[in-house]
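Novice: To be precise about what I am sending: the file is called model.cif and holds mmCIF, C-alpha atoms.
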data_final
#
loop_
_atom_site.group_PDB
_atom_site.id
_atom_site.type_symbol
_atom_site.label_atom_id
_atom_site.label_comp_id
_atom_site.auth_asym_id
_atom_site.auth_seq_id
_atom_site.Cartn_x
_atom_site.Cartn_y
_atom_site.Cartn_z
ATOM 1 C CA MET Y 162 -9.872 -11.547 -9.496
ATOM 2 C CA ILE Y 163 -8.319 -10.365 -12.746
ATOM 3 C CA PRO Y 164 -5.814 -12.874 -14.209
ATOM 4 C CA LEU Y 165 -2.171 -12.295 -13.321
ATOM 5 C CA ASP Y 166 0.260 -11.142 -15.991
ATOM 6 C CA THR Y 167 2.986 -13.782 -16.358
ATOM 7 C CA THR Y 168 4.773 -12.301 -19.365
ATOM 8 C CA PRO Y 169 8.551 -11.805 -19.085
ATOM 9 C CA ALA Y 170 8.049 -8.032 -18.751
ATOM 10 C CA ALA Y 171 5.637 -8.480 -15.833
ATOM 11 C CA LEU Y 172 7.866 -11.017 -14.088
ATOM 12 C CA ALA Y 173 10.796 -8.614 -14.428
ATOM 13 C CA LEU Y 174 8.740 -5.927 -12.686
ATOM 14 C CA ARG Y 175 7.850 -8.353 -9.905
ATOM 15 C CA THR Y 176 11.489 -9.321 -9.449
ATOM 16 C CA ALA Y 177 12.509 -5.667 -9.223
ATOM 17 C CA PHE Y 178 9.821 -5.136 -6.580
ATOM 18 C CA ASP Y 179 11.018 -8.128 -4.543
ATOM 19 C CA GLN Y 180 14.613 -6.977 -4.712
ATOM 20 C CA GLN Y 181 14.091 -3.270 -4.094
ATOM 21 C CA ILE Y 182 10.926 -2.840 -2.008
ATOM 22 C CA ARG Y 183 10.462 -6.031 -0.019
ATOM 23 C CA THR Y 184 14.043 -5.837 1.238
ATOM 24 C CA ARG Y 185 13.724 -2.169 2.171
ATOM 25 C CA THR Y 186 14.289 -1.141 5.793
ATOM 26 C CA GLY Y 187 13.625 2.581 5.598
ATOM 27 C CA ARG Y 188 10.457 2.972 7.683
ATOM 28 C CA ASP Y 189 9.409 2.662 11.317
ATOM 29 C CA THR Y 190 11.463 0.655 13.830
ATOM 30 C CA VAL Y 191 13.061 -2.088 11.754
ATOM 31 C CA GLU Y 192 15.104 -5.246 12.329
ATOM 32 C CA HIS Y 193 16.582 -7.189 9.416
ATOM 33 C CA LEU Y 194 16.619 -10.813 10.594
ATOM 34 C CA GLY Y 195 17.865 -12.804 7.629
ATOM 35 C CA ALA Y 196 14.760 -14.292 6.047
ATOM 36 C CA VAL Y 197 12.405 -11.638 7.462
ATOM 37 C CA ILE Y 198 12.302 -7.907 8.037
ATOM 38 C CA ARG Y 199 10.412 -7.071 11.232
ATOM 39 C CA SER Y 200 9.084 -3.616 11.980
ATOM 40 C CA VAL Y 201 6.906 -1.748 14.448
ATOM 41 C CA GLY Y 202 4.625 0.931 13.054
ATOM 42 C CA ILE Y 203 3.436 4.295 14.272
ATOM 43 C CA GLU Y 204 0.567 2.728 16.262
ATOM 44 C CA GLY Y 205 2.798 0.090 17.823
ATOM 45 C CA ASN Y 206 1.495 -2.795 15.712
ATOM 46 C CA GLY Y 207 3.964 -5.152 14.076
ATOM 47 C CA PHE Y 208 4.713 -6.073 10.501
ATOM 48 C CA VAL Y 209 6.782 -8.907 9.043
ATOM 49 C CA GLN Y 210 8.053 -8.920 5.464
ATOM 50 C CA TYR Y 211 9.177 -12.402 4.395
ATOM 51 C CA LEU Y 212 12.175 -12.627 2.058
ATOM 52 C CA GLY Y 213 12.134 -16.391 1.439
ATOM 53 C CA GLY Y 214 14.886 -18.956 1.353
ATOM 54 C CA VAL Y 215 13.789 -21.196 4.224
ATOM 55 C CA ASP Y 216 11.554 -24.261 4.407
ATOM 56 C CA GLY Y 217 10.470 -27.118 6.643
ATOM 57 C CA ALA Y 218 11.326 -27.009 10.329
ATOM 58 C CA GLU Y 219 13.470 -23.899 9.849
ATOM 59 C CA LEU Y 220 10.499 -21.988 8.461
ATOM 60 C CA ASP Y 221 8.218 -23.193 11.271
ATOM 61 C CA GLN Y 222 10.784 -21.988 13.804
ATOM 62 C CA LEU Y 223 11.063 -18.638 12.028
ATOM 63 C CA ILE Y 224 7.285 -18.202 12.240
ATOM 64 C CA ALA Y 225 7.265 -19.253 15.902
ATOM 65 C CA ASP Y 226 10.019 -16.754 16.706
ATOM 66 C CA GLN Y 227 7.949 -13.871 15.282
ATOM 67 C CA VAL Y 228 4.892 -14.967 17.258
ATOM 68 C CA ALA Y 229 6.963 -15.176 20.446
ATOM 69 C CA TYR Y 230 8.437 -11.717 19.869
ATOM 70 C CA PHE Y 231 5.081 -9.986 19.451
ATOM 71 C CA LYS Y 232 3.414 -12.100 22.117
ATOM 72 C CA GLU Y 233 5.978 -10.801 24.602
ATOM 73 C CA ARG Y 234 5.186 -7.249 23.457
ATOM 74 C CA GLY Y 235 1.464 -7.957 23.775
ATOM 75 C CA THR Y 236 0.733 -6.591 20.315
ATOM 76 C CA LYS Y 237 -0.775 -7.840 17.088
ATOM 77 C CA PHE Y 238 1.180 -8.093 13.863
ATOM 78 C CA GLU Y 239 0.825 -8.839 10.162
ATOM 79 C CA TRP Y 240 2.824 -11.307 8.094
ATOM 80 C CA LYS Y 241 2.547 -10.004 4.543
ATOM 81 C CA TYR Y 242 2.188 -12.975 2.203
ATOM 82 C CA TYR Y 243 2.439 -12.902 -1.604
ATOM 83 C CA THR Y 244 1.139 -15.766 -3.705
ATOM 84 C CA HIS Y 245 4.504 -16.165 -5.442
ATOM 85 C CA ASP Y 246 6.223 -16.748 -2.083
ATOM 86 C CA LEU Y 247 7.796 -20.136 -1.485
ATOM 87 C CA PRO Y 248 7.249 -22.706 -0.177
ATOM 88 C CA GLU Y 249 3.754 -23.120 -1.566
ATOM 89 C CA ASP Y 250 2.429 -24.369 1.778
ATOM 90 C CA LEU Y 251 3.425 -21.158 3.609
ATOM 91 C CA PRO Y 252 -0.250 -20.145 4.113
ATOM 92 C CA GLN Y 253 -0.985 -23.471 5.796
ATOM 93 C CA ARG Y 254 2.042 -23.054 8.066
ATOM 94 C CA LEU Y 255 0.897 -19.571 9.062
ATOM 95 C CA THR Y 256 -2.651 -20.749 9.738
ATOM 96 C CA LYS Y 257 -1.328 -23.599 11.889
ATOM 97 C CA ALA Y 258 0.639 -21.037 13.923
ATOM 98 C CA GLY Y 259 -2.529 -19.060 14.697
ATOM 99 C CA PHE Y 260 -2.612 -16.486 11.915
ATOM 100 C CA VAL Y 261 -5.904 -15.437 10.311
ATOM 101 C CA PRO Y 262 -5.967 -14.327 6.648
ATOM 102 C CA ASP Y 263 -7.579 -10.993 5.834
ATOM 103 C CA ASP Y 264 -8.928 -9.711 2.511
ATOM 104 C CA GLU Y 265 -6.602 -10.234 -0.432
ATOM 105 C CA GLU Y 266 -5.329 -7.432 -2.628
ATOM 106 C CA CYS Y 267 -3.714 -7.443 -6.055
ATOM 107 C CA LEU Y 268 -0.133 -6.250 -6.475
ATOM 108 C CA LEU Y 269 0.058 -4.168 -9.647
ATOM 109 C CA ILE Y 270 3.189 -2.532 -11.039
ATOM 110 C CA GLY Y 271 3.445 -0.141 -13.952
ATOM 111 C CA ASP Y 272 6.303 1.278 -15.974
ATOM 112 C CA ILE Y 273 5.781 5.025 -15.574
ATOM 113 C CA ALA Y 274 6.816 5.677 -19.174
ATOM 114 C CA GLU Y 275 3.871 3.538 -20.337
ATOM 115 C CA LEU Y 276 1.196 5.114 -18.115
ATOM 116 C CA ALA Y 277 -1.191 7.922 -19.062
ATOM 117 C CA SER Y 278 -0.084 11.382 -17.915
ATOM 118 C CA GLU Y 279 -3.151 13.483 -18.802
ATOM 119 C CA VAL Y 280 -5.148 14.604 -15.756
ATOM 120 C CA VAL Y 281 -8.821 14.820 -16.738
ATOM 121 C CA LEU Y 282 -11.338 16.015 -14.148
ATOM 122 C CA PRO Y 283 -15.128 16.417 -14.257
ATOM 123 C CA GLU Y 284 -16.462 19.949 -14.236
ATOM 124 C CA GLY Y 285 -16.529 21.504 -10.789
ATOM 125 C CA ILE Y 286 -13.714 19.379 -9.321
ATOM 126 C CA ARG Y 287 -10.133 20.428 -8.619
ATOM 127 C CA LEU Y 288 -7.054 18.596 -7.298
ATOM 128 C CA ARG Y 289 -4.913 19.980 -4.494
ATOM 129 C CA GLU Y 290 -1.882 18.762 -2.576
ATOM 130 C CA ILE Y 291 -2.354 19.128 1.171
ATOM 131 C CA THR Y 292 -0.003 19.316 4.150
ATOM 132 C CA GLU Y 293 -1.981 21.116 6.877
ATOM 133 C CA TYR Y 294 -3.297 18.994 9.737
ATOM 134 C CA ALA Y 295 -6.787 20.487 9.395
ATOM 135 C CA ASP Y 296 -6.948 19.271 5.788
ATOM 136 C CA LEU Y 297 -5.742 15.818 6.847
ATOM 137 C CA GLU Y 298 -8.570 15.735 9.398
ATOM 138 C CA ARG Y 299 -11.022 16.624 6.619
ATOM 139 C CA MET Y 300 -9.599 13.711 4.651
ATOM 140 C CA GLN Y 301 -10.083 11.464 7.681
ATOM 141 C CA ALA Y 302 -13.753 12.444 7.861
ATOM 142 C CA MET Y 303 -14.207 11.673 4.157
ATOM 143 C CA GLU Y 304 -12.508 8.259 4.549
ATOM 144 C CA GLU Y 305 -14.770 7.428 7.486
ATOM 145 C CA GLU Y 306 -17.829 8.361 5.423
ATOM 146 C CA VAL Y 307 -16.645 6.051 2.625
ATOM 147 C CA TRP Y 308 -15.690 3.054 4.779
ATOM 148 C CA GLY Y 309 -17.956 3.395 7.804
ATOM 149 C CA TYR Y 310 -15.282 2.927 10.455
ATOM 150 C CA SER Y 311 -12.677 4.982 12.284
ATOM 151 C CA HIS Y 312 -9.620 6.351 10.494
ATOM 152 C CA ASP Y 313 -8.367 8.251 13.542
ATOM 153 C CA TRP Y 314 -4.820 7.113 12.737
ATOM 154 C CA LEU Y 315 -4.763 8.819 9.358
ATOM 155 C CA PRO Y 316 -3.821 12.483 10.093
ATOM 156 C CA ALA Y 317 -0.822 11.534 12.257
ATOM 157 C CA ALA Y 318 0.308 8.807 9.850
ATOM 158 C CA LEU Y 319 0.139 11.054 6.796
ATOM 159 C CA SER Y 320 1.855 13.896 8.657
ATOM 160 C CA ALA Y 321 4.691 11.455 9.376
ATOM 161 C CA ASP Y 322 4.783 10.466 5.697
ATOM 162 C CA ILE Y 323 5.037 14.083 4.588
ATOM 163 C CA ALA Y 324 7.935 14.676 6.984
ATOM 164 C CA ASN Y 325 9.769 11.395 6.266
ATOM 165 C CA ALA Y 326 13.048 12.227 4.518
ATOM 166 C CA ASP Y 327 13.717 8.606 3.531
ATOM 167 C CA GLU Y 328 10.259 7.855 2.111
ATOM 168 C CA PRO Y 329 8.506 11.208 1.712
ATOM 169 C CA GLY Y 330 4.825 11.266 0.895
ATOM 170 C CA THR Y 331 2.576 13.650 -0.996
ATOM 171 C CA VAL Y 332 -1.118 13.762 -0.115
ATOM 172 C CA LEU Y 333 -3.672 14.678 -2.767
ATOM 173 C CA VAL Y 334 -7.363 15.499 -2.534
ATOM 174 C CA ALA Y 335 -10.128 16.175 -5.011
ATOM 175 C CA GLU Y 336 -12.667 18.725 -3.856
ATOM 176 C CA THR Y 337 -15.554 20.691 -5.262
ATOM 177 C CA ASP Y 338 -14.700 24.052 -6.769
ATOM 178 C CA GLU Y 339 -16.797 26.112 -4.340
ATOM 179 C CA ASP Y 340 -16.295 28.737 -1.641
ATOM 180 C CA ASP Y 341 -16.922 26.008 0.933
ATOM 181 C CA PRO Y 342 -15.409 23.016 -0.907
ATOM 182 C CA LYS Y 343 -16.427 19.444 -0.183
ATOM 183 C CA LEU Y 344 -13.629 16.881 -0.193
ATOM 184 C CA VAL Y 345 -14.716 13.966 -2.406
ATOM 185 C CA CYS Y 346 -11.570 11.829 -2.910
ATOM 186 C CA GLY Y 347 -8.202 11.448 -1.228
ATOM 187 C CA SER Y 348 -4.996 9.582 -2.004
ATOM 188 C CA TRP Y 349 -1.270 9.717 -1.392
ATOM 189 C CA ILE Y 350 2.014 8.596 -2.901
ATOM 190 C CA ARG Y 351 5.260 7.518 -1.234
ATOM 191 C CA PHE Y 352 8.631 7.988 -2.903
ATOM 192 C CA HIS Y 353 11.046 5.227 -1.947
ATOM 193 C CA ARG Y 354 14.423 6.927 -2.024
ATOM 194 C CA GLY Y 355 17.260 4.838 -3.454
ATOM 195 C CA THR Y 356 14.880 2.649 -5.499
ATOM 196 C CA ASP Y 357 13.103 2.850 -8.853
ATOM 197 C CA PHE Y 358 9.699 2.732 -7.143
ATOM 198 C CA ALA Y 359 7.003 5.061 -5.905
ATOM 199 C CA SER Y 360 3.876 3.541 -4.355
ATOM 200 C CA LEU Y 361 0.229 4.577 -4.562
ATOM 201 C CA TRP Y 362 -2.082 4.536 -1.544
ATOM 202 C CA GLY Y 363 -5.677 5.449 -0.829
ATOM 203 C CA GLY Y 364 -7.908 6.676 -3.597
ATOM 204 C CA SER Y 365 -11.166 6.478 -1.652
ATOM 205 C CA THR Y 366 -14.029 8.339 -3.321
ATOM 206 C CA LEU Y 367 -17.455 9.295 -1.984
ATOM 207 C CA ALA Y 368 -20.133 7.072 -3.517
ATOM 208 C CA GLU Y 369 -21.951 9.835 -5.379
ATOM 209 C CA TRP Y 370 -18.720 10.921 -7.093
ATOM 210 C CA ARG Y 371 -17.593 7.529 -8.378
ATOM 211 C CA GLY Y 372 -17.555 6.698 -12.058
ATOM 212 C CA LYS Y 373 -16.610 10.253 -13.071
ATOM 213 C CA GLY Y 374 -12.876 9.730 -13.626
ATOM 214 C CA ILE Y 375 -11.693 11.280 -10.348
ATOM 215 C CA TYR Y 376 -9.727 8.216 -9.253
ATOM 216 C CA ARG Y 377 -8.095 7.982 -12.693
ATOM 217 C CA ALA Y 378 -7.116 11.646 -12.395
ATOM 218 C CA HIS Y 379 -5.504 10.913 -9.029
ATOM 219 C CA VAL Y 380 -3.464 8.114 -10.610
ATOM 220 C CA ALA Y 381 -2.282 10.311 -13.498
ATOM 221 C CA TYR Y 382 -1.396 13.220 -11.207
ATOM 222 C CA ARG Y 383 0.653 10.988 -8.905
ATOM 223 C CA ARG Y 384 2.257 9.303 -11.910
ATOM 224 C CA ASN Y 385 3.438 12.743 -13.028
ATOM 225 C CA LEU Y 386 4.854 13.530 -9.579
ATOM 226 C CA ALA Y 387 6.881 10.303 -9.683
ATOM 227 C CA ALA Y 388 8.053 10.902 -13.250
ATOM 228 C CA ALA Y 389 9.228 14.403 -12.349
ATOM 229 C CA GLN Y 390 11.438 12.910 -9.634
ATOM 230 C CA GLY Y 391 12.939 10.297 -11.950
ATOM 231 C CA TYR Y 392 11.156 7.187 -10.711
ATOM 232 C CA LYS Y 393 10.650 4.318 -13.168
ATOM 233 C CA TYR Y 394 7.809 2.299 -11.632
ATOM 234 C CA LEU Y 395 4.522 2.741 -9.774
ATOM 235 C CA GLN Y 396 3.352 0.013 -7.400
ATOM 236 C CA VAL Y 397 0.009 -0.431 -5.651
ATOM 237 C CA ASP Y 398 -1.770 -3.048 -3.553
ATOM 238 C CA ALA Y 399 -5.240 -2.729 -5.053
ATOM 239 C CA SER Y 400 -8.632 -3.586 -3.631
ATOM 240 C CA PRO Y 401 -11.296 -5.195 -5.841
ATOM 241 C CA ASP Y 402 -12.784 -1.720 -6.388
ATOM 242 C CA SER Y 403 -9.676 -0.332 -8.095
ATOM 243 C CA ARG Y 404 -7.657 -3.230 -9.513
ATOM 244 C CA GLY Y 405 -9.611 -3.328 -12.778
ATOM 245 C CA ILE Y 406 -9.238 0.426 -13.279
ATOM 246 C CA LEU Y 407 -5.505 0.250 -12.621
ATOM 247 C CA ALA Y 408 -5.070 -2.661 -15.030
ATOM 248 C CA ARG Y 409 -6.894 -0.711 -17.743
ATOM 249 C CA LEU Y 410 -4.562 2.220 -17.073
ATOM 250 C CA GLY Y 411 -1.572 0.023 -17.846
ATOM 251 C CA LEU Y 412 -0.400 -1.326 -14.487
ATOM 252 C CA ARG Y 413 0.329 -5.056 -14.609
ATOM 253 C CA PRO Y 414 -1.197 -7.456 -12.037
ATOM 254 C CA VAL Y 415 1.815 -9.531 -10.976
ATOM 255 C CA SER Y 416 0.836 -11.190 -7.689
ATOM 256 C CA VAL Y 417 -1.817 -11.368 -4.989
ATOM 257 C CA THR Y 418 -1.034 -10.317 -1.443
ATOM 258 C CA VAL Y 419 -2.833 -11.483 1.691
ATOM 259 C CA PRO Y 420 -2.268 -10.083 5.184
ATOM 260 C CA TYR Y 421 -1.983 -12.922 7.695
ATOM 261 C CA ASN Y 422 -2.774 -11.424 11.090
ATOM 262 C CA TRP Y 423 -1.837 -12.654 14.553
ATOM 263 C CA LYS Y 424 -2.977 -11.129 17.813
ATOM 264 C CA PRO Y 425 -2.485 -12.054 21.466
#
Can the structure in the file be given as structure tokens, please?
Specialist:
Amino acid sequence: MIPLDTTPAALALRTAFDQQIRTRTGRDTVEHLGAVIRSVGIEGNGFVQYLGGVDGAELDQLIADQVAYFKERGTKFEWKYYTHDLPEDLPQRLTKAGFVPDDEECLLIGDIAELASEVVLPEGIRLREITEYADLERMQAMEEEVWGYSHDWLPAALSADIANADEPGTVLVAETDEDDPKLVCGSWIRFHRGTDFASLWGGSTLAEWRGKGIYRAHVAYRRNLAAAQGYKYLQVDASPDSRGILARLGLRPVSVTVPYNWKP
């Protein structure tokens, strides 16, 4: 894990994220329940965003209430935990309630004005924004080749992003410059209307095309899309494969996030 940035500038970015994005209720089926925001996604699975401010028995009851809600629905859900969340023993409380932690990711935030804007691609590769379902299915196939498991949710989810007026998405692919092009990398960006933030997602690249600057080009292209629409910040939850690249590009690592999952 790269060290977190604890400078005043980085902490200010983290505070803006907590205030603007973690409190946001613009997607899916959402309930704002005081200390948590509870939502149900496109596949029916649940998601809880914790806003803080409770402790002790009150926090235990809050956790138990979320478990009871999704248990009655018979569906799994994720409690999204950040390492700067309080109280410090929140992970232990979640584990005691039956949650299982998944792989951690690094929350990075960048001031768009400070990020590189030049899109540099290797010879024979082009970038293209896509909206057609057939192209989204091609992207699904590429993601499945990269990760080795089903991404059958992806075309419908990204179609919903593209059509979402409150948080519209733009989907980007890199493909070979041929008559029958091969898709080699895919990513997307969401624009969070009414906030200073756009968020980066995806960025999966076929193994033989890594290390050629394609992912960096995706970041710069999406940065430019956000800048053109007047956004101030880019945010991403980064895997170990990309967090170092993003930090070198100027995004600041400000926290670590861990999905705590519960299922019936």
Novice: Atom CA of Y:His312 and atom CA of Y:Glu192 are how many Å apart?
Specialist: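 Atom-to-atom, atom CA of Y:His312 to atom CA of Y:Glu192, that is 27.4 Å.
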Novice: Using all atoms listed in the file, which residues sit within 10 Å of Y:Ala326 once same-chain residues fewer than 5 positions away are excluded, as JSON, numbers by chain?
Specialist: {"Y": [187, 321, 352, 353, 354]}
Novice: Please provide the set of residues having any atom within 7 Å of stretch 413-417 of chain Y, restricted to only C-alpha atoms, with same-chain residues fewer than 4 positions apart removed, written as a count of residues only.
Specialist: 17
Novice: Enumerate, as a ChimeraX atom specification, the residues matched when the PyMOL selection byres ((chain Y and resi 195) around 12) is run on the file above.
Specialist: /Y:184,192-194,196-199,209-215,220,223
Novice: Next, write the just-selected residues to a file, as a CSV table (one decimal), keeping the file's coordinate frame, keeping C-alpha atoms as the atom set.
Specialist:
chain,number,residue,atom,x,y,z
Y,184,THR,CA,14.0,-5.8,1.2
Y,192,GLU,CA,15.1,-5.2,12.3
Y,193,HIS,CA,16.6,-7.2,9.4
Y,194,LEU,CA,16.6,-10.8,10.6
Y,196,ALA,CA,14.8,-14.3,6.0
Y,197,VAL,CA,12.4,-11.6,7.5
Y,198,ILE,CA,12.3,-7.9,8.0
Y,199,ARG,CA,10.4,-7.1,11.2
Y,209,VAL,CA,6.8,-8.9,9.0
Y,210,GLN,CA,8.1,-8.9,5.5
Y,211,TYR,CA,9.2,-12.4,4.4
Y,212,LEU,CA,12.2,-12.6,2.1
Y,213,GLY,CA,12.1,-16.4,1.4
Y,214,GLY,CA,14.9,-19.0,1.4
Y,215,VAL,CA,13.8,-21.2,4.2
Y,220,LEU,CA,10.5,-22.0,8.5
Y,223,LEU,CA,11.1,-18.6,12.0
Novice: Which value, in Å to one decimal, gives the distance between atom CA of Y:Thr366 and atom CA of Y:Glu304?
Specialist: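 Computing the Euclidean distance for atom CA of Y:Thr366 and atom CA of Y:Glu304 yields 8.0 Å.
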Novice: Can you list, as a ChimeraX atom specification, every protein, DNA or RNA residue that comes within 10 Å of stretch 333-341 of chain Y when you count only C-alpha atoms, leaving out same-chain residues fewer than 6 positions away?
Specialist: /Y:282-292,296-297,299-300,347-350,363-366,375-376,378-379,382-383
Novice: Just how far from atom CA of Y:Val191 is atom CA of Y:Trp314, in Å to one decimal?
Specialist: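 Rounded to one decimal, the two atoms are 20.1 Å apart.
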Novice: Using all atoms listed in the file, which of the listed residues (Y:Asp250, Y:Gly374, Y:Leu386, Y:Leu361) sits closest to Y:Asp398?
Specialist: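 Looking only at the distances to Y:Asp398, the closest residue turns out to be Y:Leu361.
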Novice: Just say which residues the PyMOL selection byres ((chain Y and resi 179-181) around 10) picks in this file, as a CSV table (one decimal) with C-alpha atoms, in the frame of the given file.
Specialist:
chain,number,residue,atom,x,y,z
Y,173,ALA,CA,10.8,-8.6,-14.4
Y,174,LEU,CA,8.7,-5.9,-12.7
Y,175,ARG,CA,7.8,-8.4,-9.9
Y,176,THR,CA,11.5,-9.3,-9.4
Y,177,ALA,CA,12.5,-5.7,-9.2
Y,178,PHE,CA,9.8,-5.1,-6.6
Y,182,ILE,CA,10.9,-2.8,-2.0
Y,183,ARG,CA,10.5,-6.0,0.0
Y,184,THR,CA,14.0,-5.8,1.2
Y,185,ARG,CA,13.7,-2.2,2.2
Y,212,LEU,CA,12.2,-12.6,2.1
Y,353,HIS,CA,11.0,5.2,-1.9
Y,355,GLY,CA,17.3,4.8,-3.5
Y,356,THR,CA,14.9,2.6,-5.5
Y,357,ASP,CA,13.1,2.8,-8.9
Y,358,PHE,CA,9.7,2.7,-7.1
Novice: Restricting the calculation to all atoms listed in the file: of Y:Tyr392, Y:Pro425, Y:Asp402, Y:Gln253, which residue gets closest to Y:Asp272?
Specialist: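 Of all the options, Y:Tyr392 lies closest to Y:Asp272.
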Novice: Please provide the set of residues having any atom within 9 Å of Y:Glu298, restricted to only C-alpha atoms, with same-chain residues fewer than 5 positions apart removed, written as a ChimeraX atom specification.
Specialist: /Y:293,303,313,315-316
Novice: Would you mind exporting the chosen residues as an mmCIF file, in the coordinates of the input, restricted to C-alpha atoms?
Specialist:
data_model
loop_
_atom_site.group_PDB
_atom_site.id
_atom_site.type_symbol
_atom_site.label_atom_id
_atom_site.label_comp_id
_atom_site.auth_asym_id
_atom_site.auth_seq_id
_atom_site.Cartn_x
_atom_site.Cartn_y
_atom_site.Cartn_z
ATOM 1 C CA GLU Y 293 -1.981 21.116 6.877
ATOM 2 C CA MET Y 303 -14.207 11.673 4.157
ATOM 3 C CA ASP Y 313 -8.367 8.251 13.542
ATOM 4 C CA LEU Y 315 -4.763 8.819 9.358
ATOM 5 C CA PRO Y 316 -3.821 12.483 10.093
#
Novice: Can you turn the PyMOL selection byres ((chain Y and resi 280) around 6) into a concrete residue list for this file, as a list in words?
Specialist: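 That expression, the PyMOL selection byres ((chain Y and resi 280) around 6), corresponds here to Glu279, Val281, Ala378 and Ala381 of chain Y.
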Novice: With only C-alpha atoms as the atoms that count, which of Y:Ala359, Y:Val397, Y:Leu319, Y:Ala388 lies nearest to Y:Leu276?
Specialist: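 Using only C-alpha atoms, Y:Leu276 sits closest to Y:Ala388.
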